[in-house]
Structures are given as C-alpha cells and as structure tokens.
>>> print(open('start_32.cif').read())   # mmCIF, C-alpha atoms
data_start
#
loop_
_atom_site.label_atom_id
_atom_site.label_comp_id
_atom_site.auth_asym_id
_atom_site.auth_seq_id
_atom_site.Cartn_x
_atom_site.Cartn_y
_atom_site.Cartn_z
CA MET B 1 -70.38 38.54 178.08
CA SER B 2 -71.13 36.18 175.23
CA ARG B 3 -67.37 35.67 174.81
CA MET B 4 -67.19 34.41 178.39
CA PHE B 5 -70.00 31.88 177.76
CA GLN B 6 -68.20 30.62 174.67
CA LEU B 7 -64.97 30.05 176.61
CA LEU B 8 -66.88 28.39 179.48
CA GLY B 9 -68.70 26.10 177.07
CA ALA B 10 -65.50 25.15 175.27
CA SER B 11 -63.73 24.31 178.53
CA VAL B 12 -66.67 22.16 179.75
CA LEU B 13 -66.67 20.34 176.43
CA ALA B 14 -62.91 19.71 176.63
CA VAL B 15 -63.20 18.33 180.17
CA ALA B 16 -66.07 16.05 179.14
CA VAL B 17 -64.12 14.65 176.19
CA ALA B 18 -61.03 14.07 178.33
CA ALA B 19 -63.05 12.33 181.05
CA SER B 20 -64.84 10.03 178.62
CA ALA B 21 -61.59 9.08 176.89
CA SER B 22 -59.90 8.12 180.16
CA ALA B 23 -62.97 6.27 181.53
CA ALA B 24 -63.61 4.18 178.42
CA PRO B 25 -61.54 0.98 178.21
CA ALA B 26 -59.17 0.75 175.29
CA GLN B 27 -60.65 -1.29 172.50
CA THR B 28 -58.46 -3.25 170.17
CA THR B 29 -59.58 -4.59 166.87
CA LYS B 30 -57.94 -7.63 165.41
CA ALA B 31 -57.12 -7.59 161.76
CA PRO B 32 -58.46 -10.56 159.83
CA ALA B 33 -55.88 -13.28 159.30
CA GLN B 34 -54.15 -13.21 155.95
CA THR B 35 -54.82 -16.23 153.81
CA THR B 36 -51.89 -15.70 151.45
CA LYS B 37 -48.32 -15.81 152.59
CA ALA B 38 -45.98 -13.06 151.63
CA PRO B 39 -42.80 -14.20 149.89
CA ALA B 40 -39.95 -14.84 152.27
CA GLN B 41 -37.84 -11.78 152.70
CA THR B 42 -34.14 -12.17 153.16
CA THR B 43 -32.78 -9.35 155.22
CA LYS B 44 -29.13 -8.91 155.83
CA THR B 45 -28.21 -8.20 159.39
CA PRO B 46 -25.84 -5.29 159.56
CA ALA B 47 -22.29 -6.37 160.18
CA LYS B 48 -21.04 -5.62 163.64
CA LYS B 49 -18.61 -2.77 163.73
CA ALA B 50 -15.18 -4.06 164.53
CA ALA B 51 -13.89 -2.96 167.89
CA ALA B 52 -11.00 -0.55 167.70
CA HIS B 53 -7.81 -1.42 169.57
CA SER B 54 -4.63 0.53 169.97
CA VAL B 55 -0.95 -0.18 170.32
CA THR B 56 1.74 2.24 171.46
CA GLY B 57 5.44 1.82 170.90
CA THR B 58 8.35 2.77 168.69
CA LEU B 59 8.11 2.80 164.90
CA GLU B 60 10.67 0.23 163.76
CA LYS B 61 10.11 0.35 160.00
CA TYR B 62 7.69 1.03 157.17
CA ASP B 63 7.38 -1.71 154.56
CA ALA B 64 6.27 -0.06 151.30
CA SER B 65 5.88 -3.35 149.43
CA GLY B 66 3.62 -4.83 152.10
CA ASN B 67 2.09 -1.45 152.94
CA SER B 68 2.57 -2.09 156.65
CA ILE B 69 4.46 -0.77 159.65
CA VAL B 70 6.31 -2.59 162.38
CA VAL B 71 5.83 -1.24 165.92
CA LYS B 72 8.04 -2.36 168.80
CA THR B 73 6.01 -2.47 172.03
CA ALA B 74 6.72 -3.57 175.58
CA LYS B 75 5.06 -6.92 174.74
CA GLY B 76 6.96 -7.50 171.50
CA VAL B 77 6.84 -6.53 167.85
CA GLU B 78 3.52 -5.87 166.09
CA THR B 79 2.98 -5.60 162.33
CA VAL B 80 0.04 -3.42 161.31
CA SER B 81 -1.25 -3.04 157.74
CA ILE B 82 -1.85 0.45 156.34
CA GLY B 83 -5.07 0.82 154.35
CA SER B 84 -6.09 3.52 151.89
CA ALA B 85 -8.37 5.10 154.51
CA THR B 86 -5.69 5.16 157.23
CA SER B 87 -5.12 8.60 158.72
CA ILE B 88 -1.44 9.29 159.39
CA ARG B 89 -0.61 12.38 161.44
CA MET B 90 2.20 14.05 163.30
CA GLY B 91 0.53 16.62 165.51
CA ALA B 92 -1.96 18.39 163.26
CA ALA B 93 0.01 17.70 160.05
CA ARG B 94 -1.19 14.92 157.76
CA MET B 95 1.39 12.59 156.29
CA ALA B 96 1.60 10.04 153.48
CA PRO B 97 2.60 6.44 154.29
CA ALA B 98 5.90 6.92 152.44
CA ASP B 99 6.79 9.70 154.90
CA LEU B 100 6.98 7.12 157.69
CA THR B 101 10.38 5.87 156.52
CA GLY B 102 12.01 9.06 157.79
CA HIS B 103 10.43 8.73 161.22
CA THR B 104 11.71 5.35 162.39
CA GLY B 105 12.62 5.33 166.05
CA GLN B 106 9.85 7.78 167.01
CA LYS B 107 7.04 7.03 169.42
CA VAL B 108 3.84 6.06 167.65
CA LYS B 109 0.27 5.25 168.64
CA VAL B 110 -1.72 3.12 166.20
CA ARG B 111 -5.49 2.65 166.42
CA TYR B 112 -6.49 -0.48 164.50
CA THR B 113 -9.21 -3.06 163.90
CA GLU B 114 -8.79 -6.74 163.26
CA GLU B 115 -10.03 -7.92 159.88
CA ASN B 116 -9.62 -11.58 158.93
CA GLY B 117 -7.06 -12.03 161.69
CA LYS B 118 -4.99 -9.11 160.41
CA MET B 119 -4.39 -5.80 162.19
CA VAL B 120 -5.47 -2.94 159.89
CA ALA B 121 -4.62 0.60 161.00
CA GLN B 122 -7.34 3.24 161.12
CA ALA B 123 -5.11 5.99 162.51
CA VAL B 124 -1.37 6.38 163.05
CA GLN B 125 -0.29 9.21 165.35
CA LEU B 126 3.42 9.98 165.48
CA GLN B 127 4.52 11.53 168.76
CA GLY B 128 7.73 13.28 168.02
CA ALA B 129 9.48 16.54 168.61
CA THR B 130 8.23 18.72 165.83
CA ARG B 131 9.95 22.05 165.50
CA THR B 132 7.99 24.95 164.26
CA ALA B 133 9.31 28.30 163.11
CA ARG B 134 8.14 29.79 166.37
CA ALA B 135 10.01 27.24 168.46
CA GLU B 136 13.23 27.80 166.55
CA THR B 137 13.38 31.54 167.15
CA THR B 138 15.65 32.77 169.89
CA PRO B 139 13.87 33.72 173.11
CA LYS B 140 13.64 37.36 174.01
CA ALA B 141 15.72 38.70 176.87
CA PRO B 142 13.73 38.93 180.11
CA ALA B 143 12.44 42.37 180.99
CA SER B 144 14.16 44.28 183.74
CA SER B 145 12.55 43.85 187.14
CA LYS B 146 13.55 47.31 188.40
CA GLY B 147 10.29 48.85 187.31
CA PRO B 148 9.42 51.32 184.59
CA VAL B 149 12.16 53.51 183.24
CA SER B 150 11.32 57.19 183.12
CA ARG B 151 12.53 59.13 180.15
CA LYS B 152 13.42 62.78 180.49
#
>>> encode(input="start_32.cif", output="structure tokens")
Amino acid sequence: MSRMFQLLGASVLAVAVAASASAAPAQTTKAPAQTTKAPAQTTKTPAKKAAAHSVTGTLEKYDASGNSIVVKTAKGVETVSIGSATSIRMGAARMAPADLTGHTGQKVKVRYTEENGKMVAQAVQLQGATRTARAETTPKAPASSKGPVSRK
C-alpha cells in the first residue's frame, strides 16, 4: 500500500513540474558586453569540391611524356591529363597508365574535374571485350531433349 502512495506522489510531482515549466515564460539572460576585442581570426573557407564531368569516346592515344590521354568523342578530340590518383580499370582489373598504349581504339569513359582550365582524370574505365578463361572454353553440347535415359 505504501508503494502505491509513493508512485502516486511521484507522478503528481512530475505533472506539477511539467505544468510549471510549460506555464512559465522563457527567461533569457544577456551576457555582459565584452570590453576587450578578441584578435581577428582568419578562417579559411573550405574550397568547393570541383564538379565531376565525364566524356565517353574512343581512346586515340596515351602520351607518356605528357601523362595524358586523347579521347575522340562525337564532339571532337579531348585531351585529359592522368594524375597519380587516377583510377584506371578495365572491368574489375586495375591497370597502370602505361597499359593504355595497348588499348587504343577501345571505347573509354573518363570521369574528370577541371583544375586551372585543364581536364584532370579521376577515373578511366575501358569498355572492351575482355576474354576470361571461362569465356574461352568450348561450350558443352546441349543435353538431349528426349528425357532421361534408363540404364539396364
């Protein structure tokens, strides 16, 4: 019985506190004005992330001395620089920039950003016919459609 009075008293107290908090207007206190000025802080605004663009076409050539590729598109020829962070792939396989010389004439999709008026590749995706060991194996002969063969 005393447990019930304790719970009843606690709930009445909680309701009273909630009611008084919602009925009382919010009071704000103003901090006293500072008489000394803080030294001027120079904050750098974060540089805007360059928007990524893409170009799709045919890989014309890889220029090792300029570390760039030339892509022939429907609109013309585009030259895109290859950076050290550029990801070059053919399917799931990663490639080195020097490997691009053997893939001229293949379809390519290049995702790039413009830095100082120059197109810098972030990702180069070669879209070519890649043969795997599984694709090179001869296909199995189709199974007979006459049904199961019983063995005696």
>>> atom_distance(input="start_32.cif", atom1="CA of Leu100 in chain B", atom2="CA of Tyr112 in chain B")
16.9 Å
>>> closest_residue(input="start_32.cif", among="B:Leu8, B:Val110, B:Ile82, B:Val120", to="Thr58 in chain B", atoms="all atoms listed in the file")
B:Val110
>>> residues_around(input="start_32.cif", residues="range 94-96 of chain B", least_positions_apart="3", cutoff="12 Å", atoms="all atoms listed in the file", output="JSON, numbers by chain")
{"B": [62, 64, 67, 82, 83, 84, 85, 86, 87, 88, 89, 90, 91, 99, 100, 101, 102, 103, 123, 124, 125, 126]}
>>> atom_distance(input="start_32.cif", atom1="CA of His53 in chain B", atom2="CA of Ala92 in chain B")
21.6 Å
>>> atom_distance(input="start_32.cif", atom1="CA of Glu78 in chain B", atom2="CA of Ser54 in chain B")
11.1 Å
>>> closest_residue(input="start_32.cif", among="B:Met4, B:Ala10, B:Ala51, B:Ile69", to="Pro97 in chain B", atoms="only C-alpha atoms")
B:Ile69
>>> axis_aligned_box(input="start_32.cif", around="range 94-112 of chain B", padding_each_side="3 Å", output="AutoDock Vina command-line options")
--center_x 3.1 --center_y 7.2 --center_z 160.9 --size_x 25.1 --size_y 21.4 --size_z 23.0
>>> resolve_selection(input="start_32.cif", expression="the PyMOL selection byres ((chain B and resi 119) around 10)", output="PDB file with C-alpha atoms, keeping the file's coordinate frame")
ATOM      1  CA  HIS B  53      -7.810  -1.420 169.570  1.00  0.00           C
ATOM      2  CA  SER B  68       2.570  -2.090 156.650  1.00  0.00           C
ATOM      3  CA  GLU B  78       3.520  -5.870 166.090  1.00  0.00           C
ATOM      4  CA  THR B  79       2.980  -5.600 162.330  1.00  0.00           C
ATOM      5  CA  VAL B  80       0.040  -3.420 161.310  1.00  0.00           C
ATOM      6  CA  SER B  81      -1.250  -3.040 157.740  1.00  0.00           C
ATOM      7  CA  ILE B  82      -1.850   0.450 156.340  1.00  0.00           C
ATOM      8  CA  ARG B 111      -5.490   2.650 166.420  1.00  0.00           C
ATOM      9  CA  TYR B 112      -6.490  -0.480 164.500  1.00  0.00           C
ATOM     10  CA  THR B 113      -9.210  -3.060 163.900  1.00  0.00           C
ATOM     11  CA  GLU B 114      -8.790  -6.740 163.260  1.00  0.00           C
ATOM     12  CA  GLU B 115     -10.030  -7.920 159.880  1.00  0.00           C
ATOM     13  CA  ASN B 116      -9.620 -11.580 158.930  1.00  0.00           C
ATOM     14  CA  GLY B 117      -7.060 -12.030 161.690  1.00  0.00           C
ATOM     15  CA  LYS B 118      -4.990  -9.110 160.410  1.00  0.00           C
ATOM     16  CA  VAL B 120      -5.470  -2.940 159.890  1.00  0.00           C
ATOM     17  CA  ALA B 121      -4.620   0.600 161.000  1.00  0.00           C
ATOM     18  CA  GLN B 122      -7.340   3.240 161.120  1.00  0.00           C
TER      19      GLN B 122
END
>>> build_atoms(input="start_32.cif", residues="range 85-105 of chain B", atoms="N, CA and C atoms", output="PDB file, in the coordinates of the input")
ATOM      1  N   ALA B  85      -7.626   4.151 153.683  1.00  0.00           N
ATOM      2  CA  ALA B  85      -8.370   5.100 154.510  1.00  0.00           C
ATOM      3  C   ALA B  85      -7.636   5.428 155.811  1.00  0.00           C
ATOM      4  N   THR B  86      -6.444   4.910 155.997  1.00  0.00           N
ATOM      5  CA  THR B  86      -5.690   5.160 157.230  1.00  0.00           C
ATOM      6  C   THR B  86      -5.264   6.615 157.318  1.00  0.00           C
ATOM      7  N   SER B  87      -5.525   7.216 158.466  1.00  0.00           N
ATOM      8  CA  SER B  87      -5.120   8.600 158.720  1.00  0.00           C
ATOM      9  C   SER B  87      -3.766   8.585 159.414  1.00  0.00           C
ATOM     10  N   ILE B  88      -2.782   9.232 158.810  1.00  0.00           N
ATOM     11  CA  ILE B  88      -1.440   9.290 159.390  1.00  0.00           C
ATOM     12  C   ILE B  88      -1.149  10.741 159.724  1.00  0.00           C
ATOM     13  N   ARG B  89      -0.823  11.003 160.993  1.00  0.00           N
ATOM     14  CA  ARG B  89      -0.610  12.380 161.440  1.00  0.00           C
ATOM     15  C   ARG B  89       0.595  12.489 162.358  1.00  0.00           C
ATOM     16  N   MET B  90       1.198  13.661 162.315  1.00  0.00           N
ATOM     17  CA  MET B  90       2.200  14.050 163.300  1.00  0.00           C
ATOM     18  C   MET B  90       1.723  15.400 163.805  1.00  0.00           C
ATOM     19  N   GLY B  91       1.175  15.413 165.007  1.00  0.00           N
ATOM     20  CA  GLY B  91       0.530  16.620 165.510  1.00  0.00           C
ATOM     21  C   GLY B  91      -0.706  16.881 164.674  1.00  0.00           C
ATOM     22  N   ALA B  92      -0.819  18.059 164.113  1.00  0.00           N
ATOM     23  CA  ALA B  92      -1.960  18.390 163.260  1.00  0.00           C
ATOM     24  C   ALA B  92      -1.656  18.157 161.783  1.00  0.00           C
ATOM     25  N   ALA B  93      -0.387  17.863 161.449  1.00  0.00           N
ATOM     26  CA  ALA B  93       0.010  17.700 160.050  1.00  0.00           C
ATOM     27  C   ALA B  93      -0.308  16.295 159.557  1.00  0.00           C
ATOM     28  N   ARG B  94      -0.922  16.212 158.390  1.00  0.00           N
ATOM     29  CA  ARG B  94      -1.190  14.920 157.760  1.00  0.00           C
ATOM     30  C   ARG B  94       0.055  14.459 157.020  1.00  0.00           C
ATOM     31  N   MET B  95       0.219  13.148 156.954  1.00  0.00           N
ATOM     32  CA  MET B  95       1.390  12.590 156.290  1.00  0.00           C
ATOM     33  C   MET B  95       0.956  11.475 155.350  1.00  0.00           C
ATOM     34  N   ALA B  96       1.793  11.178 154.378  1.00  0.00           N
ATOM     35  CA  ALA B  96       1.600  10.040 153.480  1.00  0.00           C
ATOM     36  C   ALA B  96       2.327   8.839 154.080  1.00  0.00           C
ATOM     37  N   PRO B  97       1.903   7.624 153.746  1.00  0.00           N
ATOM     38  CA  PRO B  97       2.600   6.440 154.290  1.00  0.00           C
ATOM     39  C   PRO B  97       4.088   6.428 153.969  1.00  0.00           C
ATOM     40  N   ALA B  98       4.476   6.914 152.812  1.00  0.00           N
ATOM     41  CA  ALA B  98       5.900   6.920 152.440  1.00  0.00           C
ATOM     42  C   ALA B  98       6.722   7.816 153.355  1.00  0.00           C
ATOM     43  N   ASP B  99       6.079   8.807 153.980  1.00  0.00           N
ATOM     44  CA  ASP B  99       6.790   9.700 154.900  1.00  0.00           C
ATOM     45  C   ASP B  99       7.222   8.998 156.178  1.00  0.00           C
ATOM     46  N   LEU B 100       6.655   7.839 156.450  1.00  0.00           N
ATOM     47  CA  LEU B 100       6.980   7.120 157.690  1.00  0.00           C
ATOM     48  C   LEU B 100       8.413   6.602 157.707  1.00  0.00           C
ATOM     49  N   THR B 101       9.008   6.406 156.547  1.00  0.00           N
ATOM     50  CA  THR B 101      10.380   5.870 156.520  1.00  0.00           C
ATOM     51  C   THR B 101      11.358   6.813 157.197  1.00  0.00           C
ATOM     52  N   GLY B 102      11.115   8.102 157.156  1.00  0.00           N
ATOM     53  CA  GLY B 102      12.010   9.060 157.790  1.00  0.00           C
ATOM     54  C   GLY B 102      11.755   9.255 159.273  1.00  0.00           C
ATOM     55  N   HIS B 103      10.783   8.538 159.813  1.00  0.00           N
ATOM     56  CA  HIS B 103      10.430   8.730 161.220  1.00  0.00           C
ATOM     57  C   HIS B 103      10.602   7.456 162.054  1.00  0.00           C
ATOM     58  N   THR B 104      11.454   6.555 161.597  1.00  0.00           N
ATOM     59  CA  THR B 104      11.710   5.350 162.390  1.00  0.00           C
ATOM     60  C   THR B 104      12.391   5.749 163.689  1.00  0.00           C
ATOM     61  N   GLY B 105      12.053   5.042 164.736  1.00  0.00           N
ATOM     62  CA  GLY B 105      12.620   5.330 166.050  1.00  0.00           C
ATOM     63  C   GLY B 105      11.759   6.279 166.877  1.00  0.00           C
TER      64      GLY B 105
END
